[in-house]
$ cat coords37.pdb   # PDB, C-alpha atoms, pLDDT in the B column
ATOM      1  CA  MET A   1     -24.836 -26.558  13.237  1.00 39.00           C
ATOM      2  CA  ALA A   2     -21.367 -27.705  12.154  1.00 46.00           C
ATOM      3  CA  ASN A   3     -19.854 -30.750  13.766  1.00 48.00           C
ATOM      4  CA  GLU A   4     -17.190 -29.624  16.264  1.00 57.00           C
ATOM      5  CA  GLN A   5     -14.919 -32.487  15.178  1.00 61.00           C
ATOM      6  CA  ASN A   6     -14.783 -31.072  11.656  1.00 78.00           C
ATOM      7  CA  ARG A   7     -14.080 -27.541  12.857  1.00 85.00           C
ATOM      8  CA  PRO A   8     -10.558 -26.241  12.158  1.00 93.00           C
ATOM      9  CA  ASN A   9      -8.433 -26.094  15.289  1.00 94.00           C
ATOM     10  CA  PRO A  10      -6.789 -22.870  16.544  1.00 96.00           C
ATOM     11  CA  THR A  11      -3.399 -23.816  15.066  1.00 95.00           C
ATOM     12  CA  GLN A  12      -4.958 -24.225  11.618  1.00 95.00           C
ATOM     13  CA  VAL A  13      -6.633 -20.823  11.913  1.00 96.00           C
ATOM     14  CA  GLN A  14      -3.465 -19.080  13.152  1.00 95.00           C
ATOM     15  CA  LYS A  15      -1.540 -20.413  10.147  1.00 96.00           C
ATOM     16  CA  PHE A  16      -3.555 -18.031   7.946  1.00 97.00           C
ATOM     17  CA  LEU A  17      -3.133 -15.057  10.304  1.00 97.00           C
ATOM     18  CA  GLY A  18       0.670 -15.023  10.017  1.00 95.00           C
ATOM     19  CA  GLY A  19       2.104 -11.672   8.957  1.00 96.00           C
ATOM     20  CA  MET A  20      -1.087  -9.822   9.886  1.00 97.00           C
ATOM     21  CA  ASP A  21      -0.675  -6.170  10.911  1.00 97.00           C
ATOM     22  CA  TYR A  22      -2.483  -5.366  14.154  1.00 98.00           C
ATOM     23  CA  PRO A  23      -4.661  -3.791  15.318  1.00 98.00           C
ATOM     24  CA  ALA A  24      -7.071  -5.089  12.703  1.00 98.00           C
ATOM     25  CA  ASP A  25     -10.830  -5.157  12.391  1.00 98.00           C
ATOM     26  CA  LYS A  26     -12.909  -8.145  11.336  1.00 98.00           C
ATOM     27  CA  GLU A  27     -12.825  -7.251   7.634  1.00 98.00           C
ATOM     28  CA  LYS A  28      -9.039  -6.863   7.595  1.00 98.00           C
ATOM     29  CA  VAL A  29      -8.664 -10.238   9.304  1.00 98.00           C
ATOM     30  CA  ILE A  30     -10.885 -11.909   6.706  1.00 98.00           C
ATOM     31  CA  GLU A  31      -9.142 -10.216   3.775  1.00 98.00           C
ATOM     32  CA  HIS A  32      -5.722 -11.199   5.138  1.00 98.00           C
ATOM     33  CA  ALA A  33      -6.792 -14.830   5.523  1.00 98.00           C
ATOM     34  CA  LYS A  34      -8.172 -14.834   1.962  1.00 98.00           C
ATOM     35  CA  GLY A  35      -4.849 -13.428   0.748  1.00 98.00           C
ATOM     36  CA  GLN A  36      -3.129 -16.327   2.504  1.00 97.00           C
ATOM     37  CA  ASN A  37      -5.384 -18.748   0.589  1.00 98.00           C
ATOM     38  CA  ALA A  38      -7.300 -19.846   3.685  1.00 98.00           C
ATOM     39  CA  PRO A  39      -9.842 -22.581   2.928  1.00 97.00           C
ATOM     40  CA  ASP A  40     -13.557 -21.807   2.933  1.00 97.00           C
ATOM     41  CA  ASP A  41     -14.178 -23.398   6.347  1.00 96.00           C
ATOM     42  CA  ILE A  42     -11.691 -21.017   7.987  1.00 97.00           C
ATOM     43  CA  ILE A  43     -13.132 -18.005   6.143  1.00 98.00           C
ATOM     44  CA  ARG A  44     -16.610 -18.998   7.371  1.00 97.00           C
ATOM     45  CA  MET A  45     -15.286 -19.159  10.932  1.00 96.00           C
ATOM     46  CA  LEU A  46     -13.656 -15.740  10.649  1.00 98.00           C
ATOM     47  CA  GLN A  47     -16.910 -14.283   9.353  1.00 97.00           C
ATOM     48  CA  GLN A  48     -18.398 -15.110  12.768  1.00 96.00           C
ATOM     49  CA  LEU A  49     -15.965 -12.768  14.546  1.00 97.00           C
ATOM     50  CA  LYS A  50     -17.262  -9.812  16.514  1.00 96.00           C
ATOM     51  CA  GLU A  51     -17.159  -6.372  14.891  1.00 97.00           C
ATOM     52  CA  ARG A  52     -14.222  -4.946  16.838  1.00 97.00           C
ATOM     53  CA  LYS A  53     -10.508  -4.180  16.655  1.00 98.00           C
ATOM     54  CA  TYR A  54      -8.238  -7.123  17.351  1.00 98.00           C
ATOM     55  CA  GLU A  55      -4.867  -6.408  18.957  1.00 97.00           C
ATOM     56  CA  GLY A  56      -3.387  -9.763  17.997  1.00 96.00           C
ATOM     57  CA  PRO A  57      -4.160 -13.360  17.049  1.00 95.00           C
ATOM     58  CA  THR A  58      -4.964 -14.317  20.638  1.00 95.00           C
ATOM     59  CA  GLY A  59      -8.081 -12.130  20.635  1.00 96.00           C
ATOM     60  CA  ILE A  60      -9.231 -13.693  17.375  1.00 97.00           C
ATOM     61  CA  ILE A  61      -8.761 -17.217  18.687  1.00 96.00           C
ATOM     62  CA  ASP A  62     -10.470 -16.308  21.969  1.00 96.00           C
ATOM     63  CA  ASP A  63     -13.531 -15.028  20.081  1.00 96.00           C
ATOM     64  CA  LEU A  64     -13.682 -18.115  17.852  1.00 96.00           C
ATOM     65  CA  TYR A  65     -13.253 -20.728  20.534  1.00 94.00           C
TER      66      TYR A  65
END
$ encode --input "coords37.pdb" --output "structure tokens"
Amino acid sequence: MANEQNRPNPTQVQKFLGGMDYPADKEKVIEHAKGQNAPDDIIRMLQQLKERKYEGPTGIIDDLY
């Protein structure tokens, strides 16, 4: 399991969600972050999201943390 200290914080994750159109499903969130050149550790985190529609970044952060 990854060390929590090395885990990106919510602010780092939200940086790569800027400009996202909501609602968005998990795949759209991941593709948007990739398009924003999110680093691999953030993409790996986003891949752990639930398969559902997200109404905004708060729901994403809530599911990750």
$ closest_residue --input "coords37.pdb" --among "A:Thr58, A:Gln36, A:Gln47, A:Asn6" --to "A:Gly18" --atoms "all atoms listed in the file"
A:Gln36
$ residues_around --input "coords37.pdb" --residues "A:Glu51" --least-positions-apart "4" --cutoff "9 Å" --atoms "all atoms listed in the file" --output "number ranges by chain"
A: 25-27
$ resolve_selection --input "coords37.pdb" --expression "the PyMOL selection byres ((chain A and resi 21) around 12)" --output "MDAnalysis selection string"
chainID A and resid 17:20 22:25 28:29 31:33 53:57
$ resolve_selection --input "coords37.pdb" --expression "the PyMOL selection byres ((chain A and resi 43) around 10)" --output "ChimeraX atom specification"
/A:13,16,29-31,33-34,37-42,44-48
$ axis_aligned_box --input "coords37.pdb" --around "stretch 41-51 of chain A" --padding-each-side "5 Å" --output "JSON"
{"center_x": -15.0, "center_y": -14.9, "center_z": 11.3, "size_x": 16.7, "size_y": 27.0, "size_z": 20.4}
$ decode --input "coords37.pdb" --residues "stretch 28-54 of chain A" --atoms "N, CA, C and O atoms" --output "mmCIF file, in the first residue's frame"
data_model
loop_
_atom_site.group_PDB
_atom_site.id
_atom_site.type_symbol
_atom_site.label_atom_id
_atom_site.label_comp_id
_atom_site.auth_asym_id
_atom_site.auth_seq_id
_atom_site.Cartn_x
_atom_site.Cartn_y
_atom_site.Cartn_z
ATOM 1 N N LYS A 28 -14.239 10.268 -17.889
ATOM 2 C CA LYS A 28 -14.066 11.657 -18.318
ATOM 3 C C LYS A 28 -13.123 12.401 -17.380
ATOM 4 O O LYS A 28 -12.310 13.214 -17.820
ATOM 5 N N VAL A 29 -13.236 12.113 -16.093
ATOM 6 C CA VAL A 29 -12.350 12.751 -15.107
ATOM 7 C C VAL A 29 -10.904 12.372 -15.395
ATOM 8 O O VAL A 29 -10.017 13.231 -15.439
ATOM 9 N N ILE A 30 -10.663 11.091 -15.623
ATOM 10 C CA ILE A 30 -9.301 10.617 -15.896
ATOM 11 C C ILE A 30 -8.767 11.220 -17.188
ATOM 12 O O ILE A 30 -7.629 11.701 -17.238
ATOM 13 N N GLU A 31 -9.573 11.214 -18.236
ATOM 14 C CA GLU A 31 -9.127 11.773 -19.519
ATOM 15 C C GLU A 31 -8.830 13.271 -19.395
ATOM 16 O O GLU A 31 -7.868 13.753 -19.979
ATOM 17 N N HIS A 32 -9.652 13.989 -18.642
ATOM 18 C CA HIS A 32 -9.413 15.421 -18.452
ATOM 19 C C HIS A 32 -8.080 15.634 -17.728
ATOM 20 O O HIS A 32 -7.279 16.480 -18.143
ATOM 21 N N ALA A 33 -7.845 14.880 -16.671
ATOM 22 C CA ALA A 33 -6.599 15.019 -15.923
ATOM 23 C C ALA A 33 -5.389 14.700 -16.807
ATOM 24 O O ALA A 33 -4.369 15.405 -16.754
ATOM 25 N N LYS A 34 -5.504 13.667 -17.639
ATOM 26 C CA LYS A 34 -4.416 13.341 -18.569
ATOM 27 C C LYS A 34 -4.179 14.493 -19.531
ATOM 28 O O LYS A 34 -3.032 14.837 -19.834
ATOM 29 N N GLY A 35 -5.255 15.107 -20.005
ATOM 30 C CA GLY A 35 -5.140 16.253 -20.911
ATOM 31 C C GLY A 35 -4.510 17.464 -20.249
ATOM 32 O O GLY A 35 -3.969 18.343 -20.930
ATOM 33 N N GLN A 36 -4.575 17.513 -18.928
ATOM 34 C CA GLN A 36 -3.953 18.592 -18.160
ATOM 35 C C GLN A 36 -2.538 18.214 -17.724
ATOM 36 O O GLN A 36 -1.933 18.898 -16.906
ATOM 37 N N ASN A 37 -2.032 17.110 -18.273
ATOM 38 C CA ASN A 37 -0.688 16.614 -17.968
ATOM 39 C C ASN A 37 -0.494 16.258 -16.503
ATOM 40 O O ASN A 37 0.567 16.508 -15.920
ATOM 41 N N ALA A 38 -1.530 15.653 -15.904
ATOM 42 C CA ALA A 38 -1.424 15.202 -14.515
ATOM 43 C C ALA A 38 -0.353 14.118 -14.413
ATOM 44 O O ALA A 38 -0.237 13.266 -15.297
ATOM 45 N N PRO A 39 0.431 14.141 -13.343
ATOM 46 C CA PRO A 39 1.451 13.101 -13.160
ATOM 47 C C PRO A 39 0.821 11.734 -12.898
ATOM 48 O O PRO A 39 -0.346 11.623 -12.518
ATOM 49 N N ASP A 40 1.624 10.706 -13.079
ATOM 50 C CA ASP A 40 1.140 9.325 -12.951
ATOM 51 C C ASP A 40 0.517 9.032 -11.591
ATOM 52 O O ASP A 40 -0.453 8.285 -11.511
ATOM 53 N N ASP A 41 1.068 9.606 -10.508
ATOM 54 C CA ASP A 41 0.508 9.296 -9.187
ATOM 55 C C ASP A 41 -0.919 9.823 -9.052
ATOM 56 O O ASP A 41 -1.769 9.172 -8.435
ATOM 57 N N ILE A 42 -1.221 10.947 -9.667
ATOM 58 C CA ILE A 42 -2.586 11.484 -9.618
ATOM 59 C C ILE A 42 -3.503 10.655 -10.512
ATOM 60 O O ILE A 42 -4.635 10.356 -10.135
ATOM 61 N N ILE A 43 -3.026 10.243 -11.671
ATOM 62 C CA ILE A 43 -3.838 9.391 -12.551
ATOM 63 C C ILE A 43 -4.164 8.081 -11.828
ATOM 64 O O ILE A 43 -5.307 7.615 -11.865
ATOM 65 N N ARG A 44 -3.191 7.500 -11.149
ATOM 66 C CA ARG A 44 -3.444 6.258 -10.403
ATOM 67 C C ARG A 44 -4.509 6.482 -9.333
ATOM 68 O O ARG A 44 -5.370 5.627 -9.123
ATOM 69 N N MET A 45 -4.464 7.605 -8.657
ATOM 70 C CA MET A 45 -5.488 7.910 -7.653
ATOM 71 C C MET A 45 -6.867 7.999 -8.301
ATOM 72 O O MET A 45 -7.833 7.433 -7.804
ATOM 73 N N LEU A 46 -6.951 8.720 -9.408
ATOM 74 C CA LEU A 46 -8.237 8.905 -10.078
ATOM 75 C C LEU A 46 -8.800 7.577 -10.590
ATOM 76 O O LEU A 46 -10.008 7.408 -10.657
ATOM 77 N N GLN A 47 -7.935 6.658 -10.921
ATOM 78 C CA GLN A 47 -8.389 5.347 -11.385
ATOM 79 C C GLN A 47 -9.073 4.563 -10.272
ATOM 80 O O GLN A 47 -9.772 3.588 -10.545
ATOM 81 N N GLN A 48 -8.918 4.997 -9.033
ATOM 82 C CA GLN A 48 -9.566 4.339 -7.899
ATOM 83 C C GLN A 48 -10.957 4.914 -7.619
ATOM 84 O O GLN A 48 -11.643 4.442 -6.717
ATOM 85 N N LEU A 49 -11.381 5.904 -8.390
ATOM 86 C CA LEU A 49 -12.704 6.492 -8.187
ATOM 87 C C LEU A 49 -13.800 5.472 -8.420
ATOM 88 O O LEU A 49 -13.617 4.504 -9.173
ATOM 89 N N LYS A 50 -14.951 5.728 -7.809
ATOM 90 C CA LYS A 50 -16.128 4.899 -8.025
ATOM 91 C C LYS A 50 -16.672 5.150 -9.430
ATOM 92 O O LYS A 50 -16.485 6.228 -9.991
ATOM 93 N N GLU A 51 -17.346 4.147 -9.977
ATOM 94 C CA GLU A 51 -17.988 4.271 -11.285
ATOM 95 C C GLU A 51 -19.321 4.984 -11.091
ATOM 96 O O GLU A 51 -20.335 4.351 -10.791
ATOM 97 N N ARG A 52 -19.306 6.303 -11.175
ATOM 98 C CA ARG A 52 -20.524 7.089 -11.010
ATOM 99 C C ARG A 52 -20.337 8.445 -11.666
ATOM 100 O O ARG A 52 -19.249 8.789 -12.104
ATOM 101 N N LYS A 53 -21.427 9.218 -11.718
ATOM 102 C CA LYS A 53 -21.358 10.587 -12.226
ATOM 103 C C LYS A 53 -20.946 11.510 -11.086
ATOM 104 O O LYS A 53 -21.479 11.415 -9.981
ATOM 105 N N TYR A 54 -20.016 12.380 -11.370
ATOM 106 C CA TYR A 54 -19.570 13.376 -10.404
ATOM 107 C C TYR A 54 -20.139 14.723 -10.807
ATOM 108 O O TYR A 54 -20.046 15.124 -11.967
#
